[in-house]
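Trainee: Dropping a structure here in structure tokens format, bear with me for questions.
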Amino acid sequence: MKFNSLIPELSVTDVEKSKVFYLNLGFEIKYQREKFYFLELEENQIMIEEINDHWNVGELEYPFGRGINLSMSVSDIDSYYEKLKDKNISFFKPLMCNIYQVNDEIYEDKEFLLQDPDGYLLRFTN
């Protein structure tokens, strides 16, 4: 198994509820142990672990992850968005097109955002 060089690990209140949520988004379980899952969607990897006080630097309160969004690329953003719409997924922001300038190049990104059960903001892009 190839591990990305950066893999976010999210502390969650109910790891089973979060697991179901992420599996519904199309993530696959790559491995697991007690109250922990390593998940992958295409080349995006995340870990979810039930809160255990090992990693807390302060009190957690909903929505978790304030000030950060996890940006994940998918190969076919339009189909993926429609698939999630068909599952009645609630979107934080619907599919939109944003234009970014990086030095002299212009990039056009299609993206949408949603929140997981603990409020972590997930951004899916092409």
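Letters A, B, ... mark the chains of the structure tokens in the order given; residue numbers begin at 1 per chain; ligand numbers begin at 1, in order shown.
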Taking only C-alpha atoms into account, produce a table as a tab-separated table in which each residue of range 33-60 of chain A with an atom at most 8 Å from an atom of range 73-94 of chain A appears once, together with its shortest atom pair and the distance in Å to one decimal, ordered by chain and rising number.

Mentor:
```
residue	atom	partner	partner_atom	distance
A:Glu42	CA	A:Val74	CA	6.8
A:Glu43	CA	A:Ser73	CA	7.9
A:Asn44	CA	A:Ser73	CA	7.3
```

Trainee: Which range 98-120 of chain A residues have any atom within 10 Å of an atom of range 53-63 of chain A, and for each, what is the nearest pair of atoms with distance in Å to one decimal, counting only C-alpha atoms, rows sorted by chain and number, as a Markdown table?

Mentor:
```
| residue | atom | partner | partner_atom | distance |
| --- | --- | --- | --- | --- |
| A:Gln115 | CA | A:Pro63 | CA | 8.9 |
| A:Asp116 | CA | A:Pro63 | CA | 9.3 |
| A:Pro117 | CA | A:Pro63 | CA | 8.8 |
| A:Asp118 | CA | A:Pro63 | CA | 5.9 |
| A:Gly119 | CA | A:Pro63 | CA | 4.2 |
| A:Tyr120 | CA | A:Pro63 | CA | 6.6 |
```

Trainee: Which distance in Å separates CA of Ile68 in chain A and CA of Gln45 in chain A, to one decimal?

Mentor: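 Pair CA of Ile68 in chain A / CA of Gln45 in chain A returns 16.4 Å.
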
Trainee: Would you list, as an mmCIF file with C-alpha atoms, in the first residue's frame, the residues of range 68-101 of chain A that end up in strand (DSSP E or B) under DSSP run on this structure's backbone?

Mentor:
```
data_model
loop_
_atom_site.group_PDB
_atom_site.id
_atom_site.type_symbol
_atom_site.label_atom_id
_atom_site.label_comp_id
_atom_site.auth_asym_id
_atom_site.auth_seq_id
_atom_site.Cartn_x
_atom_site.Cartn_y
_atom_site.Cartn_z
ATOM 1 C CA ASN A 69 -11.020 22.556 4.634
ATOM 2 C CA LEU A 70 -9.684 19.313 3.239
ATOM 3 C CA SER A 71 -9.328 19.606 -0.530
ATOM 4 C CA MET A 72 -9.547 16.316 -2.413
ATOM 5 C CA SER A 73 -9.268 15.798 -6.173
ATOM 6 C CA LYS A 93 -21.764 24.616 -1.145
ATOM 7 C CA PRO A 94 -23.084 23.157 -4.413
ATOM 8 C CA LEU A 95 -20.948 22.426 -7.463
ATOM 9 C CA MET A 96 -19.439 25.684 -8.692
ATOM 10 C CA CYS A 97 -16.640 26.856 -10.930
ATOM 11 C CA ASN A 98 -13.859 29.016 -9.495
ATOM 12 C CA ILE A 99 -11.010 30.654 -11.373
ATOM 13 C CA TYR A 100 -7.589 30.966 -9.762
ATOM 14 C CA GLN A 101 -4.519 32.728 -11.079
#
```

Trainee: Looking at only C-alpha atoms, which of A:Phe38, A:Arg33, A:Met47, A:Glu28 is the one that sits closest to Val12 in chain A?

Mentor: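 The answer is A:Met47, which sits nearest to Val12 in chain A.
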
Trainee: Measuring between only C-alpha atoms, which one of A:Tyr37, A:Asn126, A:Phe27, A:Lys110 shows the shortest distance to Val15 in chain A?

Mentor: A:Tyr37

Trainee: From the options A:Ile106, A:Leu39, A:Leu25, A:Leu113, which residue's atoms come nearest to Phe3 in chain A, counting only C-alpha atoms?

Mentor: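 When distances to Phe3 in chain A are compared using only C-alpha atoms, the smallest one comes from A:Leu39.
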
Trainee: A:Leu41, A:Glu34, A:Ile51, A:Asn24: which is nearest Ser11 in chain A, counting only C-alpha atoms?

Mentor: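 Of all the options, A:Ile51 lies closest to Ser11 in chain A.
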
Trainee: Have a look at CA of Phe64 in chain A and CA of Leu121 in chain A and let me know their distance in Å, one decimal.

Mentor: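 Spanning CA of Phe64 in chain A to CA of Leu121 in chain A is a straight-line distance of 8.5 Å.
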
Trainee: From chain A, collect each residue whose DSSP state is alpha helix (DSSP H) and return the set as a PyMOL selection string.

Mentor: chain A and resi 15-24+77-86

Trainee: I'd like the contact shell of Lys35 in chain A - 8 Å cut-off, only C-alpha atoms, skipping same-chain residues fewer than 4 positions apart - returned as a PyMOL selection string.

Mentor: chain A and resi 15-16+49-50

Trainee: Rank nothing, just name the residue among A:Lys30, A:Leu114, A:Leu122, A:Glu108 nearest to Lys2 in chain A, using only C-alpha atoms.

Mentor: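 Smallest distance to Lys2 in chain A is found for A:Lys30.
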
Trainee: What is the CA of Leu23 in chain A-CA of Arg66 in chain A distance in Å, reported with one decimal?

Mentor: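 Distance reported for this atom pair: 23.1 Å.
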